[in-house]
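Student: Structure: structure-v8.tsv, TSV, C-alpha atoms and all ligand atoms.
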```tsv
chain	number	residue	atom	x	y	z
A	1190	MET	CA	0.00	0.00	0.00
A	1191	PRO	CA	1.50	3.40	-0.88
A	1192	SER	CA	1.80	5.74	2.10
A	1193	THR	CA	0.09	9.14	2.11
A	1194	SER	CA	3.39	10.88	1.40
A	1195	ASP	CA	3.94	8.60	-1.62
A	1196	LYS	CA	0.60	9.71	-2.99
A	1197	ILE	CA	1.30	13.42	-2.75
A	1198	GLN	CA	4.86	13.28	-3.99
A	1199	CYS	CA	5.65	13.85	-7.64
A	1200	ARG	CA	6.97	10.61	-9.14
A	1201	LEU	CA	10.02	11.13	-11.33
A	1202	ILE	CA	11.66	8.87	-13.87
A	1203	VAL	CA	15.16	10.03	-14.79
A	1204	LEU	CA	16.64	9.04	-18.16
A	1205	ILE	CA	20.43	8.93	-18.31
A	1206	SER	CA	23.28	7.68	-20.47
A	1207	GLY	CA	26.35	8.49	-18.40
A	1208	ASN	CA	27.75	9.91	-15.20
A	1209	GLY	CA	24.47	11.08	-13.70
A	1210	THR	CA	25.65	14.13	-11.77
A	1211	ASN	CA	22.32	15.82	-12.54
A	1212	LEU	CA	20.54	12.68	-11.34
A	1213	GLN	CA	22.57	12.96	-8.13
A	1214	ALA	CA	21.63	16.63	-7.69
A	1215	ILE	CA	17.95	15.67	-8.10
A	1216	ILE	CA	18.20	12.77	-5.65
A	1217	ASP	CA	19.97	15.02	-3.12
A	1218	ALA	CA	17.31	17.73	-3.52
A	1219	CYS	CA	14.58	15.12	-2.89
A	1220	ASP	CA	16.44	13.79	0.14
A	1221	SER	CA	16.94	17.25	1.62
A	1222	GLY	CA	13.26	18.09	1.23
A	1223	MET	CA	14.03	21.01	-1.12
A	1224	LEU	CA	12.25	19.03	-3.83
A	1225	GLN	CA	8.87	17.47	-3.02
A	1226	ALA	CA	9.41	14.59	-5.41
A	1227	ARG	CA	10.78	11.08	-5.52
A	1228	VAL	CA	12.88	9.37	-8.18
A	1229	VAL	CA	10.97	6.12	-8.68
A	1230	ALA	CA	13.14	4.74	-11.48
A	1231	VAL	CA	16.24	5.47	-13.53
A	1232	ILE	CA	16.44	4.26	-17.11
A	1233	SER	CA	19.65	4.17	-19.12
A	1234	ASN	CA	20.38	3.16	-22.68
A	1235	GLU	CA	23.93	2.33	-21.57
A	1236	ALA	CA	24.50	-0.58	-19.18
A	1237	SER	CA	27.80	0.96	-18.06
A	1238	ALA	CA	26.34	4.35	-17.10
A	1239	ALA	CA	27.80	5.38	-13.74
A	1240	GLY	CA	24.47	7.01	-12.91
A	1241	LEU	CA	22.97	3.54	-12.50
A	1242	ILE	CA	25.29	2.92	-9.55
A	1243	ARG	CA	24.27	6.26	-8.03
A	1244	ALA	CA	20.62	5.21	-8.32
A	1245	SER	CA	21.21	1.76	-6.80
A	1246	LYS	CA	23.06	3.33	-3.85
A	1247	HIS	CA	19.85	5.19	-3.10
A	1248	GLY	CA	17.65	2.11	-3.48
A	1249	ILE	CA	16.13	3.40	-6.73
A	1250	SER	CA	15.13	0.79	-9.28
A	1251	THR	CA	17.18	0.82	-12.47
A	1252	HIS	CA	16.46	-0.34	-16.00
A	1253	VAL	CA	18.66	-0.63	-19.07
A	1254	ILE	CA	17.23	-0.49	-22.57
A	1255	ASP	CA	20.16	-0.80	-24.94
A	1256	HIS	CA	19.27	1.01	-28.17
A	1257	ARG	CA	21.69	-1.23	-30.09
A	1258	THR	CA	19.43	-4.23	-29.57
A	1259	PHE	CA	16.58	-2.67	-31.59
A	1260	LYS	CA	16.26	-2.69	-35.34
A	1261	THR	CA	14.80	0.79	-35.57
A	1262	ARG	CA	14.64	3.97	-33.50
A	1263	SER	CA	10.92	3.60	-33.34
A	1264	ASP	CA	11.21	0.08	-31.84
A	1265	PHE	CA	13.49	1.51	-29.16
A	1266	ASP	CA	11.07	4.37	-28.49
A	1267	SER	CA	8.07	2.00	-28.25
A	1268	ASN	CA	9.88	-0.16	-25.74
A	1269	LEU	CA	10.91	2.85	-23.69
A	1270	MET	CA	7.37	4.21	-23.83
A	1271	ARG	CA	5.92	0.96	-22.55
A	1272	LEU	CA	8.41	0.78	-19.69
A	1273	ILE	CA	7.80	4.40	-18.67
A	1274	ASP	CA	4.05	3.90	-18.85
A	1275	SER	CA	4.23	0.81	-16.65
A	1276	ILE	CA	5.99	2.88	-13.96
A	1277	ASN	CA	3.42	5.67	-14.31
A	1278	PRO	CA	5.53	8.74	-13.45
A	1279	ASP	CA	4.26	12.30	-13.15
A	1280	LEU	CA	7.37	13.68	-14.85
A	1281	ILE	CA	10.10	12.27	-17.09
A	1282	VAL	CA	13.43	13.99	-16.57
A	1283	MET	CA	16.07	13.65	-19.28
A	1284	ALA	CA	19.45	14.15	-17.64
A	1285	GLY	CA	22.24	13.48	-20.09
A	1286	PHE	CA	20.18	10.96	-22.05
A	1287	MET	CA	22.04	10.75	-25.34
A	1288	ARG	CA	19.22	9.50	-27.54
A	1289	ILE	CA	16.90	11.61	-29.65
A	1290	LEU	CA	13.30	10.65	-28.98
A	1291	GLY	CA	10.91	10.40	-31.92
A	1292	PRO	CA	7.64	12.33	-32.35
A	1293	LYS	CA	5.43	9.46	-31.16
A	1294	ILE	CA	6.95	9.08	-27.68
A	1295	VAL	CA	7.41	12.85	-27.32
A	1296	GLY	CA	3.78	13.45	-28.30
A	1297	TYR	CA	2.58	10.77	-25.92
A	1298	PHE	CA	4.33	12.34	-22.91
A	1299	LEU	CA	4.04	15.96	-24.06
A	1300	GLY	CA	4.03	18.36	-21.12
A	1301	ARG	CA	5.44	15.66	-18.83
A	1302	ILE	CA	8.95	15.40	-20.24
A	1303	ILE	CA	11.79	17.88	-19.70
A	1304	ASN	CA	15.45	18.09	-20.62
A	1305	ILE	CA	18.56	19.96	-19.56
A	1306	HIS	CA	20.92	21.31	-22.18
A	1307	PRO	CA	24.43	22.72	-21.66
A	1308	SER	CA	23.96	26.08	-23.40
A	1309	LEU	CA	21.78	29.14	-23.33
A	1310	LEU	CA	19.22	27.93	-25.84
A	1311	PRO	CA	18.30	28.81	-28.53
A	1312	ASP	CA	22.08	29.30	-28.89
A	1313	TYR	CA	24.14	26.18	-29.39
A	1314	PRO	CA	21.65	23.34	-29.70
A	1315	GLY	CA	23.23	19.93	-30.29
A	1316	LEU	CA	26.60	18.59	-29.16
A	1317	ASN	CA	29.98	20.05	-28.15
A	1318	THR	CA	28.53	23.28	-26.86
A	1319	HIS	CA	31.55	24.32	-24.78
A	1320	THR	CA	34.01	24.07	-27.68
A	1321	ARG	CA	31.65	25.95	-29.97
A	1322	VAL	CA	31.18	28.73	-27.40
A	1323	LEU	CA	34.97	29.08	-27.10
A	1324	SER	CA	35.60	29.11	-30.83
A	1325	ASP	CA	32.97	31.85	-31.23
A	1326	ASN	CA	34.61	33.91	-28.47
A	1327	ALA	CA	31.19	34.14	-26.82
A	1328	LYS	CA	31.19	36.08	-23.56
A	1329	GLU	CA	28.31	34.20	-21.97
A	1330	HIS	CA	27.41	30.54	-21.65
A	1331	GLY	CA	25.12	28.53	-19.42
A	1332	ALA	CA	22.42	25.90	-19.10
A	1333	THR	CA	18.76	25.60	-20.03
A	1334	VAL	CA	15.88	23.48	-18.75
A	1335	HIS	CA	13.15	23.09	-21.35
A	1336	PHE	CA	10.07	21.06	-22.16
A	1337	VAL	CA	10.80	18.37	-24.72
A	1338	THR	CA	8.93	18.72	-28.00
A	1339	ALA	CA	9.44	17.09	-31.38
A	1340	ARG	CA	12.09	19.68	-32.37
A	1341	LEU	CA	15.53	18.88	-30.91
A	1342	ASP	CA	16.64	21.26	-28.13
A	1343	ALA	CA	13.91	23.69	-29.20
A	1344	GLY	CA	11.08	23.09	-26.74
A	1345	PRO	CA	9.72	25.94	-24.61
A	1346	ILE	CA	12.30	27.21	-22.14
A	1347	ILE	CA	11.57	26.84	-18.43
A	1348	LEU	CA	14.70	28.10	-16.68
A	1349	GLN	CA	18.21	29.23	-17.60
A	1350	LYS	CA	21.33	30.22	-15.73
A	1351	SER	CA	24.30	31.92	-17.32
A	1352	VAL	CA	28.01	32.05	-16.55
A	1353	ALA	CA	30.61	34.48	-17.82
A	1354	VAL	CA	33.20	33.03	-20.19
A	1355	GLN	CA	36.68	34.12	-19.06
A	1356	SER	CA	39.69	34.43	-21.37
A	1357	ASN	CA	41.43	31.51	-19.65
A	1358	ASP	CA	38.43	29.16	-19.84
A	1359	THR	CA	38.83	25.80	-21.57
A	1360	ALA	CA	36.14	23.35	-22.63
A	1361	ASP	CA	36.77	21.51	-19.34
A	1362	THR	CA	36.46	24.56	-17.08
A	1363	LEU	CA	33.32	25.63	-18.93
A	1364	ALA	CA	31.88	22.13	-18.57
A	1365	THR	CA	32.40	22.35	-14.80
A	1366	LYS	CA	30.87	25.83	-14.54
A	1367	VAL	CA	27.87	24.85	-16.67
A	1368	ARG	CA	27.40	21.57	-14.79
A	1369	ASN	CA	27.26	23.55	-11.52
A	1370	CYS	CA	24.51	25.74	-13.03
A	1371	GLU	CA	22.63	22.62	-14.10
A	1372	HIS	CA	22.72	21.20	-10.60
A	1373	GLU	CA	21.05	24.38	-9.32
A	1374	ILE	CA	18.40	24.93	-11.95
A	1375	TYR	CA	17.25	21.37	-12.65
A	1376	PRO	CA	15.98	20.61	-9.12
A	1377	GLU	CA	14.40	24.08	-9.03
A	1378	ALA	CA	12.51	23.60	-12.31
A	1379	ILE	CA	11.38	20.14	-11.19
A	1380	SER	CA	10.15	21.59	-7.90
A	1381	TRP	CA	7.94	24.03	-9.86
A	1382	PHE	CA	6.42	21.08	-11.70
A	1383	ALA	CA	6.01	19.09	-8.48
A	1384	GLN	CA	4.16	22.03	-6.92
A	1385	LYS	CA	1.90	22.14	-9.99
A	1386	ARG	CA	3.12	25.66	-10.77
A	1387	LEU	CA	4.59	24.74	-14.15
A	1388	ALA	CA	2.73	23.63	-17.26
A	1389	LEU	CA	3.08	23.36	-21.01
A	1390	ILE	CA	0.05	24.88	-22.71
A	1391	ARG	CA	-0.21	25.20	-26.49
A	1392	ASP	CA	3.57	25.06	-26.97
A	1393	LYS	CA	4.31	27.65	-24.27
A	1394	ALA	CA	5.71	27.13	-20.77
A	1395	TYR	CA	3.67	28.73	-17.98
A	1396	LEU	CA	4.70	29.35	-14.39
A	1397	ASP	CA	1.93	30.26	-11.94
A	1398	GLY	CA	-0.34	30.90	-14.92
A	1399	ASN	CA	2.05	33.39	-16.57
A	1400	PRO	CA	3.93	32.63	-19.79
A	1401	LEU	CA	7.68	32.24	-19.32
A	1402	SER	CA	9.52	34.36	-21.81
B	1	LIG	C1	24.82	17.60	-18.91
B	1	LIG	O1	25.75	18.57	-19.24
B	1	LIG	C2	23.53	17.84	-19.64
B	1	LIG	O2	23.29	19.17	-19.91
B	1	LIG	C3	23.77	17.11	-20.94
B	1	LIG	O3	24.50	15.96	-20.58
B	1	LIG	C4	25.24	16.22	-19.39
B	1	LIG	C5	24.91	15.15	-18.41
B	1	LIG	O4	25.73	15.16	-17.30
B	1	LIG	N1	22.53	16.87	-21.62
B	1	LIG	P1	25.47	14.18	-16.09
B	1	LIG	O5	25.38	12.77	-16.65
B	1	LIG	O6	24.21	14.59	-15.42
B	1	LIG	O7	26.67	14.34	-15.22
```
Rewrite the structure of this file - the entire thing - as structure tokens.

Tutor:
Amino acid sequence: MPSTSDKIQCRLIVLISGNGTNLQAIIDACDSGMLQARVVAVISNEASAAGLIRASKHGISTHVIDHRTFKTRSDFDSNLMRLIDSINPDLIVMAGFMRILGPKIVGYFLGRIINIHPSLLPDYPGLNTHTRVLSDNAKEHGATVHFVTARLDAGPIILQKSVAVQSNDTADTLATKVRNCEHEIYPEAISWFAQKRLALIRDKAYLDGNPLS
């Protein structure tokens, strides 16, 4: 029987492919009470993802769906969709999940799936953001939490945090700075959702009923 607190808490599934430092920040925020939510499962497409060990250490159930074992992207997506559905989360949190989801799964979970991206979107969608920022001599960089829609890294923005790019920054130092931003803003954005303050309505993100610009 679920306890009363289980019923009121927002159930999260976190999708990962690697280290899982964002997953850790989310777990820690739940544990500290800053985030009224609970990670009920972690799903990885990589069996060797270190984030799976982080999840197990916290008694969170883990699942691996290796994309290489499917003939098509859509077979992988269908399998993932079925697994997520069977766990029945309130929110799906993509945290370094290195697979592009197709329109069917995205449409099915629309408004209940968010992602974090290591740039100030709409600048620098895609990969290798830190190197691209440096080669452009950009003065500002950062991280973005957004709703996932069918267009890659282009869903409505929920929250961003920027960092100044210094002349001695390297891709590694920027990665660390941006990662630290991510660990602050991801739990915060999730807490808005958990408090039912955040919603996706007609392709716009709303906080407390006001559109987020
Ligand atoms: C983060 O930089 C995130 O923005 C990107 O992948 C990285 C994941 O890092 N999508 P971690 O696995 O949470 O440490």

Student: Counting all atoms listed in the file, which residues of chain A fall within 9 Å of ligand LIG 1 (chain B), and what is the closest atom pair for each with its distance in Å at one decimal, ordered by chain and rising number, as a tab-separated table?

Tutor:
```
residue	atom	partner	partner_atom	distance
A:Ile1205	CA	B:LIG1	O5	6.5
A:Ser1206	CA	B:LIG1	O5	6.7
A:Gly1207	CA	B:LIG1	O5	4.7
A:Asn1208	CA	B:LIG1	O5	4.0
A:Gly1209	CA	B:LIG1	O5	3.5
A:Thr1210	CA	B:LIG1	O7	3.6
A:Asn1211	CA	B:LIG1	O6	3.7
A:Leu1212	CA	B:LIG1	O6	5.8
A:Gln1213	CA	B:LIG1	O6	7.6
A:Ala1214	CA	B:LIG1	O6	8.4
A:Ala1238	CA	B:LIG1	O5	8.5
A:Ala1239	CA	B:LIG1	O5	8.3
A:Gly1240	CA	B:LIG1	O5	6.9
A:Met1283	CA	B:LIG1	N1	7.6
A:Ala1284	CA	B:LIG1	O6	5.3
A:Gly1285	CA	B:LIG1	O3	3.4
A:Phe1286	CA	B:LIG1	N1	6.4
A:Met1287	CA	B:LIG1	N1	7.2
A:Asn1304	CA	B:LIG1	N1	7.3
A:Ile1305	CA	B:LIG1	O2	4.8
A:His1306	CA	B:LIG1	O2	3.9
A:Pro1307	CA	B:LIG1	O2	4.1
A:Ser1308	CA	B:LIG1	O2	7.8
A:Leu1316	CA	B:LIG1	N1	8.7
A:Ala1332	CA	B:LIG1	O2	6.8
A:Thr1333	CA	B:LIG1	O2	7.9
A:Val1334	CA	B:LIG1	O2	8.7
A:Ala1364	CA	B:LIG1	O1	7.1
A:Thr1365	CA	B:LIG1	O1	8.8
A:Val1367	CA	B:LIG1	O1	7.1
A:Arg1368	CA	B:LIG1	O1	5.6
A:Glu1371	CA	B:LIG1	O2	6.8
A:His1372	CA	B:LIG1	O6	8.3
```

Student: Output as lines of an AutoDock Vina configuration file the centre and edge lengths (Å, one decimal) of the box along x, y and z of the file that holds every listed atom of segment 1346-1354 of chain A after adding 6 Å on each side.

Tutor:
```
center_x = 22.4
center_y = 30.7
center_z = -18.9
size_x = 33.6
size_y = 19.6
size_z = 18.4
```

Student: For atom CA of Ile1289 of chain A and atom CA of Gln1198 of chain A, determine how far apart the two atoms are, in Å to one decimal place.

Tutor: 28.4 Å

Student: Take atom CA of Pro1314 of chain A and atom CA of Gly1344 of chain A and report the distance between them in Å, one decimal.

Tutor: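 A separation of 11.0 Å between them.
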
Student: Set the distance at 6 Å and use all atoms listed in the file: which residues neighbour segment 1299-1303 of chain A once local chain neighbours fewer than 4 positions away are removed? I'd like the list as an MDAnalysis selection string.

Tutor: chainID A and resid 1280:1282 1295 1335:1337 1389

Student: Considering only C-alpha atoms, can you say which of A:Thr1362, A:Ile1232, A:Gln1355, A:Pro1345 comes closest to Ala1388 of chain A?

Tutor: A:Pro1345

Student: Enter the distance from atom CA of Tyr1297 of chain A to atom CA of Ala1218 of chain A, in Å, rounded to one decimal.

Tutor: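 Here the two named atoms are 27.7 Å from each other.
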
Student: Name all residues at most 7 Å from Ile1202 of chain A (count all atoms listed in the file; drop same-chain ones fewer than 2 positions away) and give them as a list in words.

Tutor: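 Near Ile1202 of chain A, the qualifying residues are Arg1200, Leu1204, Val1228, Val1229, Ala1230, Val1231, Pro1278, Leu1280, Ile1281 and Val1282 of chain A.
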
Student: Between A:Pro1311, A:Ile1347, A:Asp1361, A:Asp1264, which residue has the minimum interatomic distance to Leu1396 of chain A, considering all atoms listed in the file?

Tutor: A:Ile1347

Student: Please, which residues in segment 1277-1364 of chain A fall within 10 Å of segment 1242-1263 of chain A when counting only C-alpha atoms, and what is the closest atom pair and distance in Å to one decimal for each, ordered by chain then residue number, as a Markdown table?

Tutor:
```
| residue | atom | partner | partner_atom | distance |
| --- | --- | --- | --- | --- |
| A:Arg1288 | CA | A:His1256 | CA | 8.5 |
| A:Ile1289 | CA | A:Arg1262 | CA | 8.8 |
| A:Leu1290 | CA | A:Arg1262 | CA | 8.2 |
| A:Gly1291 | CA | A:Ser1263 | CA | 6.9 |
| A:Pro1292 | CA | A:Ser1263 | CA | 9.4 |
| A:Lys1293 | CA | A:Ser1263 | CA | 8.3 |
| A:Ile1294 | CA | A:Ser1263 | CA | 8.8 |
```

Student: Taking 5 positions as the minimum chain separation for residues in the same chain, which residues sit within 10 Å of Lys1366 of chain A when counting only C-alpha atoms? Answer as a list in words.

Tutor: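 The residues satisfying every condition are His1330, Gly1331, Ala1332, Ser1351, Val1352, Ala1353, Val1354, Asp1358, Ala1360, Asp1361 and Glu1371 of chain A.
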
Student: Let me make sure I understand: among A:Met1223, A:Ile1276, A:Leu1348, A:Ala1339, which one has the smallest atom-to-atom distance to Val1203 of chain A if we use only C-alpha atoms?

Tutor: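 Nearest candidate to Val1203 of chain A out of A:Met1223, A:Ile1276, A:Leu1348, A:Ala1339: A:Ile1276.
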
Student: For Val1322 of chain A, which residue among A:Ser1275, A:Asn1399, A:Thr1359, A:Asn1234 is the nearest when counting all atoms listed in the file?

Tutor: A:Thr1359

Student: Please determine, counting all atoms listed in the file, which residue among A:Phe1382, A:Phe1298, A:Lys1328, A:Gly1315 has the shortest atom-to-atom distance to Met1270 of chain A.

Tutor: A:Phe1298

Student: Looking at A:Cys1199, A:Ala1343, A:Leu1309, A:Cys1219, which one is nearest to Ala1327 of chain A, with distances taken over all atoms listed in the file?

Tutor: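 Among the listed residues, A:Leu1309 lies closest to Ala1327 of chain A.
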